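Text of the file entry.cif, holding mmCIF, C-alpha atoms:
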data_entry
#
loop_
_atom_site.label_atom_id
_atom_site.label_comp_id
_atom_site.auth_asym_id
_atom_site.auth_seq_id
_atom_site.Cartn_x
_atom_site.Cartn_y
_atom_site.Cartn_z
CA MET X 1 6.27 49.66 29.16
CA SER X 2 6.12 50.18 25.41
CA LYS X 3 8.94 49.82 22.89
CA ALA X 4 9.18 53.61 22.75
CA SER X 5 9.45 53.78 26.56
CA PHE X 6 12.37 51.36 26.62
CA MET X 7 14.04 53.28 23.78
CA GLU X 8 13.60 56.49 25.81
CA HIS X 9 15.70 54.85 28.55
CA ALA X 10 18.34 53.94 25.94
CA LEU X 11 18.29 57.56 24.74
CA GLU X 12 18.91 58.72 28.30
CA GLU X 13 21.99 56.48 28.39
CA ALA X 14 23.08 57.99 25.06
CA ARG X 15 22.74 61.48 26.54
CA LEU X 16 24.87 60.44 29.52
CA ALA X 17 27.49 59.02 27.14
CA HIS X 18 27.46 62.33 25.26
CA ALA X 19 28.02 64.20 28.53
CA ARG X 20 31.09 61.99 29.13
CA GLY X 21 32.44 62.89 25.68
CA GLU X 22 31.64 59.46 24.26
CA VAL X 23 29.84 58.72 21.00
CA PRO X 24 26.24 59.00 22.22
CA VAL X 25 24.93 55.45 21.95
CA GLY X 26 22.82 53.95 24.71
CA ALA X 27 21.35 50.53 25.35
CA VAL X 28 19.00 48.80 27.75
CA LEU X 29 18.44 45.08 28.17
CA VAL X 30 14.93 44.03 29.11
CA ARG X 31 13.69 40.76 30.60
CA TYR X 32 10.02 40.12 31.28
CA GLY X 33 9.22 43.81 30.85
CA GLU X 34 11.89 44.99 33.33
CA ILE X 35 15.18 46.73 32.56
CA ILE X 36 17.95 44.56 33.97
CA ALA X 37 20.93 46.41 32.48
CA ARG X 38 21.51 49.84 31.02
CA ASN X 39 24.58 51.70 29.82
CA GLY X 40 26.09 53.94 27.20
CA ASN X 41 29.33 53.83 25.27
CA ARG X 42 32.41 53.97 27.51
CA THR X 43 35.29 53.26 25.11
CA LEU X 44 37.18 56.43 26.01
CA GLU X 45 36.49 56.27 29.74
CA LEU X 46 37.52 52.63 30.06
CA LYS X 47 40.24 52.77 27.38
CA ASP X 48 38.51 49.72 25.91
CA PRO X 49 37.51 49.49 22.23
CA THR X 50 34.94 46.80 23.12
CA ALA X 51 33.12 49.00 25.65
CA HIS X 52 30.18 49.67 23.35
CA ALA X 53 26.79 50.13 25.03
CA GLU X 54 25.51 46.77 23.73
CA VAL X 55 28.50 44.80 25.00
CA LEU X 56 28.36 46.50 28.39
CA VAL X 57 24.69 45.66 28.96
CA ILE X 58 25.18 42.08 27.78
CA ARG X 59 28.06 41.68 30.25
CA GLU X 60 26.04 43.19 33.10
CA ALA X 61 22.94 41.10 32.40
CA SER X 62 24.98 37.90 32.08
CA LYS X 63 26.52 38.54 35.49
CA LYS X 64 23.16 39.37 37.09
CA LEU X 65 21.51 36.28 35.63
CA ASN X 66 24.61 34.10 36.06
CA ASN X 67 24.17 32.91 32.49
CA GLU X 68 25.85 33.71 29.19
CA ARG X 69 22.62 32.92 27.35
CA LEU X 70 20.07 35.73 27.43
CA THR X 71 17.36 33.91 25.49
CA ASP X 72 14.45 35.64 27.21
CA CYS X 73 15.91 39.15 26.87
CA ASP X 74 15.33 42.00 24.45
CA LEU X 75 17.93 44.64 23.61
CA TYR X 76 17.08 48.26 22.84
CA VAL X 77 19.91 50.34 21.37
CA THR X 78 19.86 53.81 19.86
CA LEU X 79 22.12 52.95 16.90
CA GLU X 80 22.27 49.94 14.60
CA PRO X 81 24.88 47.57 16.09
CA CYS X 82 28.33 47.21 14.54
CA PRO X 83 29.76 43.80 13.55
CA MET X 84 31.33 43.25 16.98
CA CYS X 85 28.08 44.01 18.79
CA ALA X 86 26.00 41.96 16.34
CA GLY X 87 28.30 39.02 17.10
CA ALA X 88 27.88 39.53 20.85
CA ILE X 89 24.09 39.73 20.44
CA SER X 90 24.09 36.48 18.50
CA PHE X 91 26.36 34.63 20.93
CA ALA X 92 24.28 35.85 23.88
CA ARG X 93 21.17 34.51 22.11
CA ILE X 94 19.27 37.78 22.59
CA ARG X 95 15.62 37.17 21.67
CA ARG X 96 14.77 40.53 20.07
CA LEU X 97 16.81 43.52 18.94
CA TYR X 98 15.20 46.96 18.69
CA PHE X 99 17.30 49.81 17.35
CA GLY X 100 16.67 53.44 16.53
CA ALA X 101 18.96 54.94 13.90
CA SER X 102 20.51 53.06 11.00
CA ASP X 103 24.28 53.23 10.58
CA GLN X 104 25.22 53.15 6.91
CA LYS X 105 28.94 53.38 7.73
CA SER X 106 29.39 50.84 10.54
CA GLY X 107 26.07 49.05 10.98
CA ALA X 108 25.93 45.28 10.63
CA VAL X 109 22.25 44.41 10.92
CA GLU X 110 20.42 46.02 8.00
CA SER X 111 23.45 47.90 6.64
CA GLY X 112 26.95 46.72 5.81
CA VAL X 113 27.75 43.06 6.38
CA GLN X 114 24.25 42.14 7.64
CA TYR X 115 25.69 39.74 10.20
CA PHE X 116 22.45 37.97 11.08
CA SER X 117 21.86 37.02 7.43
CA ASP X 118 25.21 35.24 7.10
CA ILE X 119 25.16 31.43 7.10
CA THR X 120 27.86 31.42 9.80
CA CYS X 121 25.58 33.26 12.24
CA HIS X 122 24.53 30.84 15.01
CA HIS X 123 21.54 32.78 16.30
CA LYS X 124 19.46 35.52 14.70
CA PRO X 125 17.27 37.66 16.95
CA GLU X 126 14.03 39.15 15.77
CA VAL X 127 14.99 42.63 14.54
CA TYR X 128 12.90 45.80 14.69
CA SER X 129 14.43 49.03 13.42
CA GLY X 130 13.40 52.67 13.38
CA ILE X 131 12.20 52.87 17.01
CA LEU X 132 12.32 56.63 17.82
CA GLU X 133 14.61 56.92 14.81
CA SER X 134 14.43 60.71 14.57
CA GLU X 135 15.44 61.24 18.21
CA CYS X 136 18.19 58.63 18.00
CA SER X 137 19.58 60.15 14.78
CA HIS X 138 19.42 63.68 16.11
CA ILE X 139 21.65 63.08 19.12
CA LEU X 140 24.29 61.42 16.93
CA LYS X 141 24.18 64.10 14.22
CA ALA X 142 24.49 66.86 16.82
CA PHE X 143 27.47 65.11 18.42
CA PHE X 144 29.37 64.65 15.14
CA ASN X 145 28.49 68.15 13.84
CA ASN X 146 29.92 69.57 17.06
CA LYS X 147 33.09 67.45 16.64
CA ARG X 148 33.56 68.70 13.07
CA MET X 149 33.26 72.34 14.16
CA LYS X 150 36.09 72.05 16.68
#
Written as structure tokens, how would this file's structure read?
Amino acid sequence: MSKASFMEHALEEARLAHARGEVPVGAVLVRYGEIIARNGNRTLELKDPTAHAEVLVIREASKKLNNERLTDCDLYVTLEPCPMCAGAISFARIRRLYFGASDQKSGAVESGVQYFSDITCHHKPEVYSGILESECSHILKAFFNNKRMK
């Protein structure tokens, strides 16, 4: 599968999150070209502020692989990770991070605190941004425009 194909799967998870009333962010974790974990935000559903898509797929993959280190895994997420998720990505030793839309308000990779550039960061994944950026941005903009109109 291509990078765009994996991001399409993350977008599907974002759409499912949207249908649940969650902020529409989706993620998939890939190992050796196979999706091993996929999810969308579930903070409202689980009443858990840490239930971001990235954290959920890291937890699932770690359980499946029986290892907290995901050194041969790549993460695809529709939105630039926040500081909490960037920390989880680093501690899990994710090999590559691919994200769609930038997040000027809460992002922590290329925006905001730029977690992976800090000297206290233990592991920095390879980062690729802008994967299906238009599609990833659109679903978020539509969600928040709808919220504002209510």
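Comparing X:Ala86, X:Asn146, X:Ser106, X:Arg69 by their smallest distance to Asp118 in chain X, the closest is X:Ala86 (using only C-alpha atoms).
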- Top pick for closest residue to Ser117 in chain X, considering X:Gly87, X:Gly40, X:Ala92, X:Leu140 and counting only C-alpha atoms: X:Gly87
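You can rank X:Ala4, X:Leu56, X:Met84, X:Leu16 by their closest distance to Tyr128 in chain X using all atoms listed in the file, and at the top of that list sits X:Ala4.
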- Note on the structure: Computed gap from CA of Thr120 in chain X to CA of Tyr32 in chain X is 29.2 Å
I need every residue sitting at most 7 Å from the point (17.9, 47.6, 18.1) (coordinates as in the file, all atoms listed in the file considered), written as a JSON list (two decimals) with C-alpha atoms, in the frame of the given file.
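Below is the file result-v8.json, written as the result:
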[["chain", "number", "residue", "atom", "x", "y", "z"],
["X", 75, "LEU", "CA", 17.93, 44.64, 23.61],
["X", 76, "TYR", "CA", 17.08, 48.26, 22.84],
["X", 77, "VAL", "CA", 19.91, 50.34, 21.37],
["X", 78, "THR", "CA", 19.86, 53.81, 19.86],
["X", 79, "LEU", "CA", 22.12, 52.95, 16.90],
["X", 80, "GLU", "CA", 22.27, 49.94, 14.60],
["X", 97, "LEU", "CA", 16.81, 43.52, 18.94],
["X", 98, "TYR", "CA", 15.20, 46.96, 18.69],
["X", 99, "PHE", "CA", 17.30, 49.81, 17.35],
["X", 100, "GLY", "CA", 16.67, 53.44, 16.53],
["X", 127, "VAL", "CA", 14.99, 42.63, 14.54],
["X", 128, "TYR", "CA", 12.90, 45.80, 14.69],
["X", 129, "SER", "CA", 14.43, 49.03, 13.42]]
- Task: In the coordinate frame of the file, compute which residues have an atom within 8 Å of (16.0, 50.0, 26.2) when using only C-alpha atoms, and state them as a list in words.
- Result: Lys3, Ser5, Phe6, Met7, Glu8, His9, Ala10, Ala27, Val28, Leu29, Val30, Ile35, Arg38, Leu75, Tyr76 and Val77 of chain X
- Task: Check the smallest atom-to-atom distance from each of X:Glu54, X:Cys82, X:Gly130, X:Ala88 to Gly107 in chain X using all atoms listed in the file, then report the winner.
- Result: X:Cys82
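The residues returned by the PyMOL selection byres ((chain X and resi 116) around 10) on the shown structure are Pro83, Ala86, Gly87, Ile89, Ser90, Ala108, Val109, Glu110, Val113, Gln114, Tyr115, Ser117, Asp118, Ile119, Thr120, Cys121, His122, His123, Lys124, Pro125, Glu126 and Val127 of chain X.
With CA of Glu60 in chain X on one side and CA of Ala37 in chain X on the other, the separation reads 6.1 Å.
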- Would you mind listing what lies within 6 Å of Ala101 in chain X as an NGL selection string, with only C-alpha atoms counted and same-chain residues fewer than 6 positions away left out? :X and (79 or 133 or 136-137)
